[in-house]
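Down below is the structure, laid out as structure tokens.
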Amino acid sequence: MSFRQQIVVLDAADVEAVASFWAGVHGGTVRRSDPDWYEVEVDGTFPLAVQHAPDHVRPQWPDGRPQQIHLDLYVEDIRAEHEQVMALGAELLQSAEDLDVETGFQVYADPAGHPFCLCWGWNAWRAEMDG
């Protein structure tokens, strides 16, 4: 199977708010294809889209309603990226005990409650997994 494009699609009641949040995280722009479908465009690619789901129920992770999907975003500077996503409207769900360890993550939610992790130490984590 060969894919020309892969897009992660998130459901949300407020499509514009969630698309704007993820466009800010990715440093991209929002392209509104129709009232029920917004795409996040980054350098000519479309890594993410948001689809209108009027009955979307916010996950209550880690306790309560389970998450349906989450994104792991590996970053170079966890402190700077934490500040960026918080300014965009993220909610910190689970903080790391120590931001100075070689590899780690913090768990957030976007405005619709979709969980995502800001992770750091990709090379160290990959080496550990490949062990």
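Labels used: A, B, ... for chains in the order of the structure tokens, numbers from 1 for residues in each chain, and numbers from 1 for ligands as shown.
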Chain A: residues DSSP assigns to helix (DSSP H, G or I), reported as number ranges by chain: A: 15-26, 78-88, 122-130
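Taking only C-alpha atoms into account, A:Thr29 lies nearest to A:Asp43 out of the set A:Val107, A:Asp43, A:Pro59, A:Leu73.
Of the residues listed (A:Ala19, A:Ala87, A:Ile7, A:Ala127), A:Ala19 shows the shortest atom-to-atom separation from A:His52; distances use only C-alpha atoms.
Excluding A:Asp55 itself and any same-chain residue fewer than 6 positions from it, the protein and nucleic acid residues within 12 Å of it, counting only C-alpha atoms, are Asp11, Ala12, Ala13, Asp14 and Ala112 of chain A.
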Produce a file of the selected residues containing all heavy atoms, as a short mmCIF file (atom, residue, chain, number, x, y, z; two decimals), in the first residue's frame.
```cif
data_model
loop_
_atom_site.label_atom_id
_atom_site.label_comp_id
_atom_site.auth_asym_id
_atom_site.auth_seq_id
_atom_site.Cartn_x
_atom_site.Cartn_y
_atom_site.Cartn_z
N ASP A 11 -12.10 15.07 15.74
CA ASP A 11 -13.49 15.52 15.82
C ASP A 11 -13.58 16.62 16.87
O ASP A 11 -12.90 16.56 17.90
CB ASP A 11 -14.41 14.37 16.24
CG ASP A 11 -14.58 13.32 15.16
OD1 ASP A 11 -14.17 13.59 14.02
OD2 ASP A 11 -15.13 12.26 15.46
N ALA A 12 -14.44 17.60 16.62
CA ALA A 12 -14.63 18.69 17.58
C ALA A 12 -15.95 19.39 17.32
O ALA A 12 -16.39 19.49 16.17
CB ALA A 12 -13.49 19.69 17.49
N ALA A 13 -16.56 19.88 18.37
CA ALA A 13 -17.78 20.69 18.22
C ALA A 13 -17.41 22.07 17.69
O ALA A 13 -18.11 22.63 16.85
CB ALA A 13 -18.52 20.78 19.54
N ASP A 14 -16.32 22.65 18.20
CA ASP A 14 -15.86 23.97 17.75
C ASP A 14 -14.66 23.76 16.82
O ASP A 14 -13.50 23.80 17.24
CB ASP A 14 -15.48 24.84 18.95
CG ASP A 14 -15.16 26.27 18.58
OD1 ASP A 14 -14.91 26.55 17.38
OD2 ASP A 14 -15.15 27.11 19.49
N ALA A 112 -10.59 21.10 22.63
CA ALA A 112 -11.71 20.15 22.61
C ALA A 112 -11.45 18.95 23.52
O ALA A 112 -12.26 18.05 23.60
CB ALA A 112 -11.98 19.67 21.19
#
```
Those of chain A in DSSP strand (DSSP E or B), formatted as a VMD selection string: chain A and resid 8 to 12 29 to 34 37 to 42 45 to 52 71 to 74 91 to 94 104 to 109 115 to 120
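With distances taken over only C-alpha atoms, A:Gln68 is the one residue among A:Ser95, A:Ser20, A:Gln68, A:Gln84 lying closest to A:Gly113.
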